[in-house]
file protein00.cif (mmCIF, N, CA and C atoms)
data_structure
#
loop_
_atom_site.label_atom_id
_atom_site.label_comp_id
_atom_site.auth_asym_id
_atom_site.auth_seq_id
_atom_site.Cartn_x
_atom_site.Cartn_y
_atom_site.Cartn_z
N MET I 245 127.93 276.88 -50.51
CA MET I 245 127.12 276.58 -51.68
C MET I 245 127.29 275.12 -52.05
N SER I 246 126.20 274.50 -52.42
CA SER I 246 126.25 273.12 -52.90
C SER I 246 126.98 273.07 -54.23
N LYS I 247 127.52 271.93 -54.56
CA LYS I 247 128.15 271.74 -55.86
C LYS I 247 127.08 271.24 -56.81
N LEU I 248 126.28 272.17 -57.32
CA LEU I 248 125.12 271.84 -58.15
C LEU I 248 125.51 271.23 -59.48
N HIS I 249 124.71 270.24 -59.90
CA HIS I 249 124.91 269.57 -61.18
C HIS I 249 123.57 269.47 -61.90
N LEU I 250 123.57 269.76 -63.18
CA LEU I 250 122.37 269.68 -64.02
C LEU I 250 122.49 268.46 -64.92
N VAL I 251 121.40 267.69 -65.01
CA VAL I 251 121.36 266.54 -65.91
C VAL I 251 120.26 266.79 -66.93
N PHE I 252 120.62 266.71 -68.21
CA PHE I 252 119.64 266.88 -69.27
C PHE I 252 120.09 266.07 -70.48
N GLY I 253 119.19 265.95 -71.43
CA GLY I 253 119.54 265.21 -72.64
C GLY I 253 118.55 265.47 -73.75
N GLY I 254 118.85 264.87 -74.88
CA GLY I 254 117.99 265.02 -76.04
C GLY I 254 118.59 264.32 -77.24
N ARG I 255 117.93 264.48 -78.33
CA ARG I 255 118.36 263.85 -79.58
C ARG I 255 119.48 264.69 -80.19
N VAL I 256 120.57 264.01 -80.57
CA VAL I 256 121.72 264.67 -81.17
C VAL I 256 121.87 264.26 -82.62
N SER I 257 122.50 265.12 -83.41
CA SER I 257 122.71 264.81 -84.82
C SER I 257 123.83 263.78 -84.99
N ASP I 258 124.78 263.78 -84.07
CA ASP I 258 125.89 262.85 -84.10
C ASP I 258 126.21 262.47 -82.66
N PRO I 259 126.14 261.19 -82.30
CA PRO I 259 126.36 260.78 -80.91
C PRO I 259 127.74 261.14 -80.36
N ARG I 260 128.68 261.49 -81.21
CA ARG I 260 130.02 261.88 -80.75
C ARG I 260 130.09 263.35 -80.39
N THR I 261 129.00 264.08 -80.59
CA THR I 261 129.00 265.52 -80.33
C THR I 261 127.90 265.90 -79.34
N LEU I 262 127.83 267.17 -79.05
CA LEU I 262 126.76 267.72 -78.21
C LEU I 262 125.86 268.62 -79.04
N ASP I 263 125.72 268.33 -80.33
CA ASP I 263 124.86 269.11 -81.22
C ASP I 263 123.43 268.59 -81.12
N PHE I 264 122.66 269.19 -80.22
CA PHE I 264 121.28 268.76 -80.02
C PHE I 264 120.42 269.25 -81.17
N ASN I 265 119.57 268.36 -81.68
CA ASN I 265 118.75 268.67 -82.85
C ASN I 265 117.70 269.75 -82.59
N ASP I 266 116.96 269.62 -81.52
CA ASP I 266 115.84 270.52 -81.25
C ASP I 266 115.86 270.92 -79.78
N LEU I 267 116.34 272.11 -79.51
CA LEU I 267 116.47 272.56 -78.12
C LEU I 267 115.13 272.67 -77.40
N SER I 268 114.05 272.81 -78.15
CA SER I 268 112.74 272.88 -77.51
C SER I 268 112.29 271.51 -76.98
N LYS I 269 113.00 270.46 -77.37
CA LYS I 269 112.65 269.11 -76.91
C LYS I 269 113.69 268.53 -75.96
N ILE I 270 114.51 269.38 -75.38
CA ILE I 270 115.50 268.92 -74.39
C ILE I 270 114.74 268.38 -73.18
N GLU I 271 115.19 267.25 -72.67
CA GLU I 271 114.59 266.66 -71.47
C GLU I 271 115.45 267.04 -70.27
N PHE I 272 114.87 267.81 -69.37
CA PHE I 272 115.57 268.19 -68.15
C PHE I 272 115.29 267.15 -67.08
N VAL I 273 116.32 266.42 -66.68
CA VAL I 273 116.18 265.38 -65.67
C VAL I 273 116.13 266.03 -64.30
N GLY I 274 117.00 267.02 -64.06
CA GLY I 274 116.95 267.72 -62.78
C GLY I 274 118.27 268.36 -62.41
N VAL I 275 118.24 269.06 -61.28
CA VAL I 275 119.43 269.68 -60.69
C VAL I 275 119.69 268.94 -59.39
N PHE I 276 120.95 268.58 -59.18
CA PHE I 276 121.31 267.73 -58.05
C PHE I 276 122.40 268.37 -57.21
N PRO I 277 122.42 268.10 -55.90
CA PRO I 277 123.35 268.78 -54.99
C PRO I 277 124.78 268.25 -55.01
N ASP I 278 125.00 267.12 -55.68
CA ASP I 278 126.35 266.56 -55.73
C ASP I 278 126.48 265.67 -56.97
N TYR I 279 127.72 265.36 -57.31
CA TYR I 279 127.98 264.58 -58.52
C TYR I 279 127.41 263.17 -58.42
N ALA I 280 127.49 262.55 -57.26
CA ALA I 280 127.01 261.17 -57.10
C ALA I 280 125.53 261.05 -57.44
N SER I 281 124.72 261.96 -56.94
CA SER I 281 123.28 261.88 -57.23
C SER I 281 122.99 262.26 -58.68
N ALA I 282 123.78 263.19 -59.24
CA ALA I 282 123.61 263.55 -60.65
C ALA I 282 123.98 262.38 -61.55
N GLU I 283 125.06 261.69 -61.20
CA GLU I 283 125.47 260.53 -62.00
C GLU I 283 124.43 259.42 -61.95
N LYS I 284 123.83 259.22 -60.80
CA LYS I 284 122.78 258.21 -60.66
C LYS I 284 121.59 258.54 -61.57
N ALA I 285 121.19 259.81 -61.58
CA ALA I 285 120.08 260.25 -62.43
C ALA I 285 120.46 260.14 -63.91
N TRP I 286 121.70 260.50 -64.24
CA TRP I 286 122.19 260.40 -65.61
C TRP I 286 122.16 258.95 -66.09
N ARG I 287 122.64 258.03 -65.24
CA ARG I 287 122.65 256.61 -65.61
C ARG I 287 121.23 256.10 -65.86
N ALA I 288 120.30 256.49 -65.01
CA ALA I 288 118.91 256.06 -65.17
C ALA I 288 118.33 256.57 -66.48
N ALA I 289 118.57 257.84 -66.79
CA ALA I 289 118.05 258.42 -68.03
C ALA I 289 118.70 257.78 -69.25
N ALA I 290 120.02 257.59 -69.19
CA ALA I 290 120.73 256.98 -70.31
C ALA I 290 120.30 255.54 -70.51
N GLN I 291 120.09 254.82 -69.43
CA GLN I 291 119.66 253.41 -69.53
C GLN I 291 118.28 253.31 -70.16
N ARG I 292 117.42 254.26 -69.85
CA ARG I 292 116.06 254.27 -70.40
C ARG I 292 116.08 254.38 -71.92
N THR I 293 117.11 255.03 -72.47
CA THR I 293 117.18 255.27 -73.91
C THR I 293 118.37 254.56 -74.54
N VAL I 294 118.86 253.49 -73.91
CA VAL I 294 120.07 252.81 -74.34
C VAL I 294 119.99 252.30 -75.79
N ASP I 295 118.81 251.97 -76.26
CA ASP I 295 118.67 251.44 -77.62
C ASP I 295 118.56 252.53 -78.68
N ASP I 296 118.55 253.77 -78.28
CA ASP I 296 118.43 254.89 -79.21
C ASP I 296 119.76 255.63 -79.26
N ALA I 297 120.56 255.34 -80.28
CA ALA I 297 121.91 255.91 -80.38
C ALA I 297 121.91 257.43 -80.54
N GLU I 298 120.79 258.01 -80.94
CA GLU I 298 120.74 259.46 -81.14
C GLU I 298 120.32 260.22 -79.88
N MET I 299 120.03 259.51 -78.80
CA MET I 299 119.69 260.17 -77.53
C MET I 299 120.94 260.25 -76.68
N LYS I 300 121.16 261.42 -76.11
CA LYS I 300 122.35 261.63 -75.29
C LYS I 300 121.99 262.44 -74.06
N PHE I 301 122.47 261.99 -72.92
CA PHE I 301 122.28 262.71 -71.66
C PHE I 301 123.64 263.13 -71.13
N VAL I 302 123.68 264.28 -70.49
CA VAL I 302 124.94 264.83 -69.98
C VAL I 302 124.77 265.36 -68.56
N VAL I 303 125.89 265.44 -67.86
CA VAL I 303 125.95 266.07 -66.54
C VAL I 303 126.75 267.36 -66.69
N VAL I 304 126.16 268.47 -66.28
CA VAL I 304 126.83 269.77 -66.34
C VAL I 304 127.15 270.20 -64.92
N HIS I 305 128.39 270.58 -64.69
CA HIS I 305 128.84 271.03 -63.38
C HIS I 305 128.45 272.50 -63.22
N LEU I 306 127.23 272.76 -62.77
CA LEU I 306 126.76 274.14 -62.63
C LEU I 306 127.61 274.95 -61.67
N HIS I 307 128.10 274.31 -60.63
CA HIS I 307 128.91 275.04 -59.64
C HIS I 307 130.16 275.63 -60.28
N ARG I 308 130.69 274.98 -61.30
CA ARG I 308 131.87 275.52 -61.98
C ARG I 308 131.52 276.74 -62.83
N MET I 309 130.29 276.77 -63.32
CA MET I 309 129.85 277.92 -64.11
C MET I 309 129.47 279.08 -63.21
N LEU I 310 128.88 278.78 -62.06
CA LEU I 310 128.43 279.82 -61.14
C LEU I 310 129.59 280.47 -60.40
N GLU I 311 130.62 279.69 -60.07
CA GLU I 311 131.78 280.21 -59.37
C GLU I 311 133.05 279.67 -60.03
N PRO I 312 133.37 280.15 -61.23
CA PRO I 312 134.50 279.60 -61.98
C PRO I 312 135.85 279.79 -61.31
N ASN I 313 135.97 280.76 -60.43
CA ASN I 313 137.26 281.05 -59.80
C ASN I 313 137.36 280.49 -58.39
N LEU I 314 136.43 279.61 -58.02
CA LEU I 314 136.42 279.08 -56.67
C LEU I 314 137.72 278.35 -56.34
N GLY I 315 138.30 277.65 -57.31
CA GLY I 315 139.54 276.92 -57.08
C GLY I 315 140.78 277.78 -57.20
N ALA I 316 140.63 279.00 -57.69
CA ALA I 316 141.78 279.89 -57.88
C ALA I 316 142.22 280.48 -56.54
N THR I 317 143.48 280.84 -56.46
CA THR I 317 143.95 281.51 -55.25
C THR I 317 143.39 282.93 -55.24
N VAL I 318 143.44 283.58 -54.11
CA VAL I 318 142.90 284.93 -53.98
C VAL I 318 143.57 285.87 -54.98
N ALA I 319 144.86 285.73 -55.21
CA ALA I 319 145.59 286.62 -56.12
C ALA I 319 145.14 286.42 -57.58
N GLN I 320 144.64 285.23 -57.92
CA GLN I 320 144.23 284.94 -59.29
C GLN I 320 142.79 285.36 -59.58
N ARG I 321 142.00 285.60 -58.54
CA ARG I 321 140.59 285.92 -58.73
C ARG I 321 140.41 287.34 -59.24
N PRO I 322 139.48 287.51 -60.20
CA PRO I 322 139.21 288.87 -60.66
C PRO I 322 138.44 289.63 -59.59
N PRO I 323 138.49 290.96 -59.64
CA PRO I 323 137.74 291.74 -58.65
C PRO I 323 136.24 291.47 -58.78
N THR I 324 135.55 291.53 -57.66
CA THR I 324 134.12 291.29 -57.65
C THR I 324 133.37 292.56 -58.01
N THR I 325 132.39 292.43 -58.88
CA THR I 325 131.54 293.56 -59.25
C THR I 325 130.13 293.26 -58.79
N VAL I 326 129.53 294.17 -58.05
CA VAL I 326 128.17 294.00 -57.59
C VAL I 326 127.28 294.91 -58.41
N ILE I 327 126.27 294.32 -59.05
CA ILE I 327 125.32 295.09 -59.85
C ILE I 327 123.99 295.11 -59.11
N PRO I 328 123.48 296.28 -58.77
CA PRO I 328 122.19 296.34 -58.09
C PRO I 328 121.11 295.67 -58.94
N ALA I 329 120.16 295.03 -58.29
CA ALA I 329 119.11 294.28 -58.99
C ALA I 329 118.39 295.13 -60.03
N GLU I 330 118.07 296.38 -59.69
CA GLU I 330 117.34 297.23 -60.63
C GLU I 330 118.17 297.55 -61.86
N ALA I 331 119.49 297.60 -61.72
CA ALA I 331 120.36 297.89 -62.86
C ALA I 331 120.45 296.69 -63.79
N GLY I 332 120.22 295.50 -63.26
CA GLY I 332 120.33 294.31 -64.06
C GLY I 332 119.06 293.94 -64.80
N THR I 333 117.97 294.65 -64.52
CA THR I 333 116.71 294.35 -65.21
C THR I 333 116.61 295.14 -66.48
N HIS I 334 115.99 294.55 -67.46
CA HIS I 334 115.81 295.25 -68.73
C HIS I 334 114.51 294.76 -69.39
N THR I 335 114.05 295.50 -70.33
CA THR I 335 112.85 295.10 -71.06
C THR I 335 113.26 294.71 -72.47
N GLY I 336 112.50 293.81 -73.01
CA GLY I 336 112.76 293.43 -74.39
C GLY I 336 113.52 292.21 -74.46
#
call {"tool": "encode", "arguments": {"input": "protein00.cif", "output": "structure tokens"}}
result
Amino acid sequence: MSKLHLVFGGRVSDPRTLDFNDLSKIEFVGVFPDYASAEKAWRAAAQRTVDDAEMKFVVVHLHRMLEPNLGATVAQRPPTTVIPAEAGTHTG
């Protein structure tokens, strides 16, 4: 699996936080296969808005969220649970 990274940003209430003002206006820059390409995209997006202190772009390590125990030893990993696709669907 690639080490996927998501780059996105938006207007924040305080530049020291990740409290985005309006989630419907989040700008998705893209998903990248490695940190180097994600950082390049992040820098470009951040540079575009450098004069706006309330705009913030971030890099999210998706691979860490998708496989949080990848770095753990086999003994530390929780048991794997497989849920059939039909069991995972719901309405509403």
call {"tool": "resolve_selection", "arguments": {"input": "protein00.cif", "expression": "the PyMOL selection byres ((chain I and resi 249) around 6.5)", "output": "PyMOL selection string"}}
result
chain I and resi 247-248+250-251+274-279+282+303-307
call {"tool": "atom_distance", "arguments": {"input": "protein00.cif", "atom1": "atom N of Asn313 of chain I", "atom2": "atom C of Phe252 of chain I"}}
result
23.9 Å
call {"tool": "residues_around", "arguments": {"input": "protein00.cif", "residues": "segment 299-302 of chain I", "least_positions_apart": "5", "cutoff": "8 Å", "atoms": "only C-alpha atoms", "output": "ChimeraX atom specification"}}
result
/I:251-256,259,286,289-290,293
call {"tool": "axis_aligned_box", "arguments": {"input": "protein00.cif", "around": "segment 270-289 of chain I", "padding_each_side": "6 Å", "output": "JSON"}}
result
{"center_x": 121.2, "center_y": 262.9, "center_z": -65.2, "size_x": 25.5, "size_y": 25.6, "size_z": 32.4}
call {"tool": "atom_distance", "arguments": {"input": "protein00.cif", "atom1": "atom CA of Asp263 of chain I", "atom2": "atom N of Asp296 of chain I"}}
result
16.8 Å
call {"tool": "atom_distance", "arguments": {"input": "protein00.cif", "atom1": "atom CA of Ala297 of chain I", "atom2": "atom CA of Met309 of chain I"}}
result
28.5 Å
call {"tool": "build_atoms", "arguments": {"input": "protein00.cif", "residues": "segment 245-256 of chain I", "atoms": "all heavy atoms", "output": "PDB file, in the coordinates of the input"}}
result
ATOM      1  N   MET I 245     127.930 276.880 -50.510  1.00  0.00           N
ATOM      2  CA  MET I 245     127.120 276.580 -51.680  1.00  0.00           C
ATOM      3  C   MET I 245     127.290 275.120 -52.050  1.00  0.00           C
ATOM      4  O   MET I 245     128.385 274.579 -52.011  1.00  0.00           O
ATOM      5  CB  MET I 245     127.544 277.473 -52.842  1.00  0.00           C
ATOM      6  CG  MET I 245     126.795 277.200 -54.109  1.00  0.00           C
ATOM      7  SD  MET I 245     127.196 278.450 -55.323  1.00  0.00           S
ATOM      8  CE  MET I 245     127.290 277.460 -56.753  1.00  0.00           C
ATOM      9  N   SER I 246     126.200 274.500 -52.420  1.00  0.00           N
ATOM     10  CA  SER I 246     126.250 273.120 -52.900  1.00  0.00           C
ATOM     11  C   SER I 246     126.980 273.070 -54.230  1.00  0.00           C
ATOM     12  O   SER I 246     127.039 274.050 -54.959  1.00  0.00           O
ATOM     13  CB  SER I 246     124.835 272.568 -53.103  1.00  0.00           C
ATOM     14  OG  SER I 246     124.141 272.540 -51.898  1.00  0.00           O
ATOM     15  N   LYS I 247     127.520 271.930 -54.560  1.00  0.00           N
ATOM     16  CA  LYS I 247     128.150 271.740 -55.860  1.00  0.00           C
ATOM     17  C   LYS I 247     127.080 271.240 -56.810  1.00  0.00           C
ATOM     18  O   LYS I 247     126.949 270.040 -57.061  1.00  0.00           O
ATOM     19  CB  LYS I 247     129.319 270.780 -55.763  1.00  0.00           C
ATOM     20  CG  LYS I 247     130.477 271.386 -55.007  1.00  0.00           C
ATOM     21  CD  LYS I 247     131.717 270.584 -55.183  1.00  0.00           C
ATOM     22  CE  LYS I 247     132.882 271.328 -54.570  1.00  0.00           C
ATOM     23  NZ  LYS I 247     134.135 270.658 -54.837  1.00  0.00           N
ATOM     24  N   LEU I 248     126.280 272.170 -57.320  1.00  0.00           N
ATOM     25  CA  LEU I 248     125.120 271.840 -58.150  1.00  0.00           C
ATOM     26  C   LEU I 248     125.510 271.230 -59.480  1.00  0.00           C
ATOM     27  O   LEU I 248     126.491 271.640 -60.108  1.00  0.00           O
ATOM     28  CB  LEU I 248     124.294 273.094 -58.398  1.00  0.00           C
ATOM     29  CG  LEU I 248     123.710 273.770 -57.160  1.00  0.00           C
ATOM     30  CD1 LEU I 248     123.006 275.058 -57.559  1.00  0.00           C
ATOM     31  CD2 LEU I 248     122.756 272.835 -56.451  1.00  0.00           C
ATOM     32  N   HIS I 249     124.710 270.240 -59.900  1.00  0.00           N
ATOM     33  CA  HIS I 249     124.910 269.570 -61.180  1.00  0.00           C
ATOM     34  C   HIS I 249     123.570 269.470 -61.900  1.00  0.00           C
ATOM     35  O   HIS I 249     122.560 269.134 -61.277  1.00  0.00           O
ATOM     36  CB  HIS I 249     125.459 268.159 -60.969  1.00  0.00           C
ATOM     37  CG  HIS I 249     126.822 268.150 -60.380  1.00  0.00           C
ATOM     38  ND1 HIS I 249     127.061 268.371 -59.046  1.00  0.00           N
ATOM     39  CD2 HIS I 249     128.037 267.964 -60.949  1.00  0.00           C
ATOM     40  CE1 HIS I 249     128.358 268.307 -58.827  1.00  0.00           C
ATOM     41  NE2 HIS I 249     128.973 268.068 -59.964  1.00  0.00           N
ATOM     42  N   LEU I 250     123.570 269.760 -63.180  1.00  0.00           N
ATOM     43  CA  LEU I 250     122.370 269.680 -64.020  1.00  0.00           C
ATOM     44  C   LEU I 250     122.490 268.460 -64.920  1.00  0.00           C
ATOM     45  O   LEU I 250     123.540 268.211 -65.507  1.00  0.00           O
ATOM     46  CB  LEU I 250     122.276 270.938 -64.900  1.00  0.00           C
ATOM     47  CG  LEU I 250     121.264 270.915 -66.048  1.00  0.00           C
ATOM     48  CD1 LEU I 250     119.845 270.850 -65.521  1.00  0.00           C
ATOM     49  CD2 LEU I 250     121.464 272.129 -66.941  1.00  0.00           C
ATOM     50  N   VAL I 251     121.400 267.690 -65.010  1.00  0.00           N
ATOM     51  CA  VAL I 251     121.360 266.540 -65.910  1.00  0.00           C
ATOM     52  C   VAL I 251     120.260 266.790 -66.930  1.00  0.00           C
ATOM     53  O   VAL I 251     119.122 267.089 -66.565  1.00  0.00           O
ATOM     54  CB  VAL I 251     121.078 265.222 -65.146  1.00  0.00           C
ATOM     55  CG1 VAL I 251     121.016 264.042 -66.107  1.00  0.00           C
ATOM     56  CG2 VAL I 251     122.127 264.990 -64.068  1.00  0.00           C
ATOM     57  N   PHE I 252     120.620 266.710 -68.210  1.00  0.00           N
ATOM     58  CA  PHE I 252     119.640 266.880 -69.270  1.00  0.00           C
ATOM     59  C   PHE I 252     120.090 266.070 -70.480  1.00  0.00           C
ATOM     60  O   PHE I 252     121.212 265.577 -70.543  1.00  0.00           O
ATOM     61  CB  PHE I 252     119.446 268.355 -69.642  1.00  0.00           C
ATOM     62  CG  PHE I 252     120.596 268.968 -70.378  1.00  0.00           C
ATOM     63  CD1 PHE I 252     120.648 268.954 -71.764  1.00  0.00           C
ATOM     64  CD2 PHE I 252     121.642 269.560 -69.687  1.00  0.00           C
ATOM     65  CE1 PHE I 252     121.719 269.531 -72.445  1.00  0.00           C
ATOM     66  CE2 PHE I 252     122.709 270.133 -70.351  1.00  0.00           C
ATOM     67  CZ  PHE I 252     122.743 270.112 -71.741  1.00  0.00           C
ATOM     68  N   GLY I 253     119.190 265.950 -71.430  1.00  0.00           N
ATOM     69  CA  GLY I 253     119.540 265.210 -72.640  1.00  0.00           C
ATOM     70  C   GLY I 253     118.550 265.470 -73.750  1.00  0.00           C
ATOM     71  O   GLY I 253     117.569 266.187 -73.589  1.00  0.00           O
ATOM     72  N   GLY I 254     118.850 264.870 -74.880  1.00  0.00           N
ATOM     73  CA  GLY I 254     117.990 265.020 -76.040  1.00  0.00           C
ATOM     74  C   GLY I 254     118.590 264.320 -77.240  1.00  0.00           C
ATOM     75  O   GLY I 254     119.629 263.667 -77.162  1.00  0.00           O
ATOM     76  N   ARG I 255     117.930 264.480 -78.330  1.00  0.00           N
ATOM     77  CA  ARG I 255     118.360 263.850 -79.580  1.00  0.00           C
ATOM     78  C   ARG I 255     119.480 264.690 -80.190  1.00  0.00           C
ATOM     79  O   ARG I 255     119.379 265.902 -80.295  1.00  0.00           O
ATOM     80  CB  ARG I 255     117.160 263.779 -80.536  1.00  0.00           C
ATOM     81  CG  ARG I 255     117.398 262.931 -81.756  1.00  0.00           C
ATOM     82  CD  ARG I 255     116.104 262.537 -82.417  1.00  0.00           C
ATOM     83  NE  ARG I 255     115.223 261.784 -81.547  1.00  0.00           N
ATOM     84  CZ  ARG I 255     115.391 260.494 -81.225  1.00  0.00           C
ATOM     85  NH1 ARG I 255     116.413 259.835 -81.688  1.00  0.00           N
ATOM     86  NH2 ARG I 255     114.528 259.884 -80.448  1.00  0.00           N
ATOM     87  N   VAL I 256     120.570 264.010 -80.570  1.00  0.00           N
ATOM     88  CA  VAL I 256     121.720 264.670 -81.170  1.00  0.00           C
ATOM     89  C   VAL I 256     121.870 264.260 -82.620  1.00  0.00           C
ATOM     90  O   VAL I 256     121.437 263.189 -83.036  1.00  0.00           O
ATOM     91  CB  VAL I 256     123.026 264.353 -80.400  1.00  0.00           C
ATOM     92  CG1 VAL I 256     123.013 264.986 -79.025  1.00  0.00           C
ATOM     93  CG2 VAL I 256     123.256 262.863 -80.295  1.00  0.00           C
TER      94      VAL I 256
END
